[in-house]
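Visitor: Sharing a structure below in structure tokens format, with a few things to ask.
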Amino acid sequence: MTLLDVDGLTVRTADGRTLVDDLSFRIDAGERLGLIGESGSGKSLTTLALLGLLPDGMRAEGSVTLAGTQVVGAAEKQLTAVRGRRAAVVFQEPLTALDPLMRVGRQIAEPLGRRTGLKGRQLRSAVGEALDRVRLPEPGRIARAFPHEISGGQRQRVALAMALACEPDLLIADEPTTALDVSVQAEVLDLLDTLVRERGMAVLFVSHDLAVVAKIADRALVLKDGRAVEEGPVLDVIGTPTAEYTRTLVAGARKLEAALDLRSAR
Ligand SMILES: Nc1ncnc2c1ncn2[C@@H]1O[C@H](COP(=O)(O)OP(=O)(O)OP(=O)(O)O)[C@@H](O)[C@H]1O
């Protein structure tokens, strides 16, 4: 079953510059697609357009059907019904998703309470379980903390718990580990992989990092200057890239890997 159907998505600025150009792809229920491209290739604008969250002045054209709802041109009310429940998003910087003035527990309680109808003590205990599931130690303490009182890795786990609280059909993860320390990156990636696998959730995983995409995604779509240049099973795209641009990306990643190997061999 097709969960997300993007057909000819184009994003333009108010002065007519085209930043995402005629992009088409599909994600079936439970499928994992990696969106790869260098900085500025249009990855973030694509994810924002999927949820009707483009910045003021930018316009989307084409068609984005998410679980049967047309997102392009939809009224805010329709979009609210789709966001969270059908597709939830985790951004690169978890502070984007978190209210700095609200304790972490309350921020998770909101979507959780809305979906489950739980209240009071039962809701508090469900929040504790949600924090526990994203492997946060001392969930009680974290629930009482404000976002600035916990580490970056812990904040990203909280953002993930909030996204999962809605039990979305599709999780959109936009560079979710890029802002984290290398050691924490691997842990959060592994956690994300396990949690979506357990739930059979579809994933759109956005990253400039080929190695990370290969770990999470089944298929990959390569974006350059807002256009798709290559799409296929992730190991084929990385192993035998056909587009010149993908070859350059793969060669760049190999060079970096080799340099890191040399360094660790010292
Ligand atoms: N609010 C904006 N106004 C004008 N141009 C923008 C805006 N946001 C992004 N752009 C431009 O659109 C293009 C695509 O940006 P986008 O953020 O989608 O790239 P990206 O692939 O996600 O890169 P990064 O990983 O660095 O975020 C870039 O050239 C960027 O400068």
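Ordering of the structure tokens sets the chain letters (A, B, ...), residue numbers begin anew at 1 in every chain, and ligands are numbered from 1 in the order given.
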Dump the neighbourhood of ligand 1 as an NGL selection string: all residues within 9 Å, distances computed on only C-alpha atoms and all ligand atoms.
Guide: :A and (11-14 or 17-20 or 36-48 or 54-58 or 92 or 174-175 or 206-208 or 223-226)
Visitor: Tell me, as a list in words, which residues lie within 12 Å of Pro168 (chain A), counting only C-alpha atoms; anything in the same chain fewer than 6 positions away does not count.
Guide: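 The residues satisfying every condition are Leu3, Ala29, Gly30, Leu66, Ala67, Ala81, Val82, Arg83, Gly84, Arg85, Arg86, Ala87, Ala88, Val89, Val90, Pro111, Leu112, Arg115, Leu160, Ala161, Met162, Val196, Arg199, Gly200, Met201, Ala202 and Val203 of chain A.
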Visitor: Go through region 47-264 of chain A and collect every residue that DSSP, computed from the backbone, puts in strand (DSSP E); the answer should be as an NGL selection string.
Guide: :A and (59-66 or 69-70 or 87-90 or 170-174 or 202-207 or 219-224 or 227-233)
Visitor: Would you put the residues from that selection into a file with N, CA and C atoms, as an mmCIF file, in the first residue's frame?
Guide:
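Listing of again-v2.cif after writing:
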data_model
loop_
_atom_site.group_PDB
_atom_site.id
_atom_site.type_symbol
_atom_site.label_atom_id
_atom_site.label_comp_id
_atom_site.auth_asym_id
_atom_site.auth_seq_id
_atom_site.Cartn_x
_atom_site.Cartn_y
_atom_site.Cartn_z
ATOM 1 N N ARG A 59 6.542 28.392 -2.042
ATOM 2 C CA ARG A 59 5.347 27.773 -2.568
ATOM 3 C C ARG A 59 5.654 26.382 -3.102
ATOM 4 N N ALA A 60 4.762 25.430 -2.809
ATOM 5 C CA ALA A 60 4.914 24.087 -3.358
ATOM 6 C C ALA A 60 3.923 23.896 -4.497
ATOM 7 N N GLU A 61 4.372 23.197 -5.533
ATOM 8 C CA GLU A 61 3.478 22.798 -6.632
ATOM 9 C C GLU A 61 3.628 21.303 -6.813
ATOM 10 N N GLY A 62 2.722 20.722 -7.581
ATOM 11 C CA GLY A 62 2.759 19.268 -7.780
ATOM 12 C C GLY A 62 1.856 18.609 -6.765
ATOM 13 N N SER A 63 2.126 17.349 -6.493
ATOM 14 C CA SER A 63 1.220 16.609 -5.628
ATOM 15 C C SER A 63 1.987 15.829 -4.561
ATOM 16 N N VAL A 64 1.504 15.930 -3.319
ATOM 17 C CA VAL A 64 2.040 15.116 -2.225
ATOM 18 C C VAL A 64 0.840 14.467 -1.554
ATOM 19 N N THR A 65 0.671 13.160 -1.733
ATOM 20 C CA THR A 65 -0.451 12.480 -1.093
ATOM 21 C C THR A 65 0.087 11.647 0.051
ATOM 22 N N LEU A 66 -0.348 12.008 1.257
ATOM 23 C CA LEU A 66 0.106 11.306 2.454
ATOM 24 C C LEU A 66 -1.106 10.602 3.057
ATOM 25 N N THR A 69 -4.353 11.897 1.861
ATOM 26 C CA THR A 69 -4.640 13.340 1.944
ATOM 27 C C THR A 69 -3.679 14.117 1.050
ATOM 28 N N GLN A 70 -4.250 15.015 0.230
ATOM 29 C CA GLN A 70 -3.402 15.880 -0.604
ATOM 30 C C GLN A 70 -2.862 17.022 0.258
ATOM 31 N N ALA A 87 2.295 11.166 9.782
ATOM 32 C CA ALA A 87 3.752 11.314 9.634
ATOM 33 C C ALA A 87 4.273 12.238 10.716
ATOM 34 N N ALA A 88 5.293 11.788 11.420
ATOM 35 C CA ALA A 88 5.918 12.627 12.443
ATOM 36 C C ALA A 88 7.356 12.862 12.037
ATOM 37 N N VAL A 89 7.897 13.976 12.505
ATOM 38 C CA VAL A 89 9.232 14.338 12.046
ATOM 39 C C VAL A 89 10.186 14.558 13.225
ATOM 40 N N VAL A 90 11.411 14.112 13.027
ATOM 41 C CA VAL A 90 12.491 14.387 13.981
ATOM 42 C C VAL A 90 13.528 15.202 13.214
ATOM 43 N N LEU A 170 4.473 6.971 9.224
ATOM 44 C CA LEU A 170 5.742 7.344 8.588
ATOM 45 C C LEU A 170 6.546 8.225 9.541
ATOM 46 N N LEU A 171 7.791 7.843 9.762
ATOM 47 C CA LEU A 171 8.686 8.710 10.540
ATOM 48 C C LEU A 171 9.632 9.399 9.569
ATOM 49 N N ILE A 172 9.621 10.724 9.605
ATOM 50 C CA ILE A 172 10.559 11.492 8.782
ATOM 51 C C ILE A 172 11.696 11.919 9.696
ATOM 52 N N ALA A 173 12.904 11.499 9.385
ATOM 53 C CA ALA A 173 14.050 11.839 10.231
ATOM 54 C C ALA A 173 15.014 12.651 9.382
ATOM 55 N N ASP A 174 15.134 13.948 9.700
ATOM 56 C CA ASP A 174 15.957 14.849 8.898
ATOM 57 C C ASP A 174 17.301 15.054 9.601
ATOM 58 N N ALA A 202 7.122 3.041 8.370
ATOM 59 C CA ALA A 202 7.870 3.503 7.197
ATOM 60 C C ALA A 202 8.774 4.655 7.639
ATOM 61 N N VAL A 203 9.899 4.817 6.936
ATOM 62 C CA VAL A 203 10.848 5.874 7.309
ATOM 63 C C VAL A 203 11.311 6.624 6.066
ATOM 64 N N LEU A 204 11.350 7.942 6.187
ATOM 65 C CA LEU A 204 12.082 8.745 5.211
ATOM 66 C C LEU A 204 13.272 9.298 5.969
ATOM 67 N N PHE A 205 14.451 8.804 5.629
ATOM 68 C CA PHE A 205 15.647 9.176 6.382
ATOM 69 C C PHE A 205 16.499 10.100 5.539
ATOM 70 N N VAL A 206 16.696 11.309 6.013
ATOM 71 C CA VAL A 206 17.392 12.337 5.236
ATOM 72 C C VAL A 206 18.801 12.506 5.771
ATOM 73 N N SER A 207 19.792 12.395 4.904
ATOM 74 C CA SER A 207 21.166 12.565 5.377
ATOM 75 C C SER A 207 22.122 12.851 4.231
ATOM 76 N N ARG A 219 15.938 1.678 0.267
ATOM 77 C CA ARG A 219 16.140 2.340 -1.028
ATOM 78 C C ARG A 219 16.740 3.706 -0.795
ATOM 79 N N ALA A 220 17.382 4.236 -1.830
ATOM 80 C CA ALA A 220 17.958 5.571 -1.684
ATOM 81 C C ALA A 220 17.595 6.419 -2.897
ATOM 82 N N LEU A 221 17.383 7.691 -2.622
ATOM 83 C CA LEU A 221 17.116 8.663 -3.676
ATOM 84 C C LEU A 221 18.174 9.750 -3.536
ATOM 85 N N VAL A 222 18.898 10.000 -4.621
ATOM 86 C CA VAL A 222 19.985 10.979 -4.549
ATOM 87 C C VAL A 222 19.505 12.303 -5.136
ATOM 88 N N LEU A 223 19.704 13.369 -4.375
ATOM 89 C CA LEU A 223 19.223 14.691 -4.766
ATOM 90 C C LEU A 223 20.406 15.616 -5.046
ATOM 91 N N LYS A 224 20.318 16.337 -6.159
ATOM 92 C CA LYS A 224 21.353 17.344 -6.464
ATOM 93 C C LYS A 224 20.651 18.582 -7.008
ATOM 94 N N ARG A 227 17.030 18.286 -7.654
ATOM 95 C CA ARG A 227 16.532 17.295 -8.617
ATOM 96 C C ARG A 227 16.986 15.900 -8.238
ATOM 97 N N ALA A 228 16.152 14.900 -8.539
ATOM 98 C CA ALA A 228 16.550 13.515 -8.294
ATOM 99 C C ALA A 228 17.507 13.103 -9.401
ATOM 100 N N VAL A 229 18.688 12.565 -9.035
ATOM 101 C CA VAL A 229 19.607 12.123 -10.083
ATOM 102 C C VAL A 229 19.712 10.611 -10.128
ATOM 103 N N GLU A 230 19.288 9.937 -9.068
ATOM 104 C CA GLU A 230 19.406 8.481 -9.052
ATOM 105 C C GLU A 230 18.508 7.920 -7.961
ATOM 106 N N GLU A 231 17.908 6.750 -8.216
ATOM 107 C CA GLU A 231 17.115 6.086 -7.181
ATOM 108 C C GLU A 231 17.238 4.584 -7.356
ATOM 109 N N GLY A 232 17.306 3.861 -6.240
ATOM 110 C CA GLY A 232 17.370 2.402 -6.328
ATOM 111 C C GLY A 232 17.624 1.795 -4.972
ATOM 112 N N PRO A 233 17.770 0.436 -4.922
ATOM 113 C CA PRO A 233 18.128 -0.198 -3.663
ATOM 114 C C PRO A 233 19.419 0.424 -3.138
#
Visitor: Pull the alpha helix (DSSP H) assignments for region 121-179 of chain A out of DSSP run on the backbone, and list those residues as an MDAnalysis selection string.
Guide: chainID A and resid 121:133 139:144 152:165
Visitor: I'd like to know which of A:Glu149, A:Asp28, A:Ala211, A:Gly117 is closest to Leu256 (chain A), using only C-alpha atoms.
Guide: A:Ala211
Visitor: Quick one: pull the distance between CA of Asp5 (chain A) and CA of Gly68 (chain A), Å, one decimal.
Guide: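 These two atoms are separated by 8.9 Å.
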Visitor: State, in Å with one decimal place, the distance from CA of Arg114 (chain A) to CA of His148 (chain A).
Guide: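 CA of His148 (chain A) lies at a distance of 25.3 Å from CA of Arg114 (chain A).
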Visitor: Would you pick out the contacts of Gly140 (chain A) at 10 Å or less, using only C-alpha atoms, so that residues sharing its chain but fewer than 6 positions from it are not included, and give the list as a list in words?
Guide: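 In the requested format, the answer is Gly105, Arg124, Ser125, Val127, Gly128, Glu129, Leu131 and Asp132 of chain A.
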Visitor: For Val158 (chain A), which residue out of A:Gln122, A:Thr178, A:Thr248, A:Gln107 is the nearest one, using only C-alpha atoms?
Guide: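 Going through A:Gln122, A:Thr178, A:Thr248, A:Gln107 one by one, the smallest distance to Val158 (chain A) is for A:Gln107.
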Visitor: So that I can see what lies close to Glu187 (chain A), please list as a PyMOL selection string the residues with an atom at most 10 Å from it, counting only C-alpha atoms and leaving out residues fewer than 4 positions away in the same chain.
Guide: chain A and resi 135+153+177+182-183+191-193
Visitor: Work out how far CA of Gly34 (chain A) is from CA of Leu210 (chain A), in Å to one decimal.
Guide: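 Going from CA of Leu210 (chain A) over to CA of Gly34 (chain A) covers 9.0 Å.
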Visitor: I want to know what sits within 12 Å of Gly120 (chain A), based on only C-alpha atoms, with residues of the same chain fewer than 6 positions away left out; could you give that as a ChimeraX atom specification?
Guide: /A:106,109-110,113,126-127
Visitor: Just write the chosen residues, C-alpha atoms, as a PDB file, in the first residue's frame.
Guide:
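Result saved to part_4.pdb:
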ATOM      1  CA  ARG A 106       4.578  17.483  29.764  1.00  0.00           C
ATOM      2  CA  ALA A 109       2.237  13.869  27.648  1.00  0.00           C
ATOM      3  CA  GLU A 110       0.508  16.168  25.151  1.00  0.00           C
ATOM      4  CA  GLY A 113      -2.711  11.982  25.935  1.00  0.00           C
ATOM      5  CA  ALA A 126       2.747   6.143  30.010  1.00  0.00           C
ATOM      6  CA  VAL A 127       5.171   9.092  29.721  1.00  0.00           C
TER       7      VAL A 127
END
Visitor: Counting only C-alpha atoms, which residue out of A:Leu95, A:Gly52, A:Ala214, A:Asp209 sits closest to Leu249 (chain A)?
Guide: A:Asp209
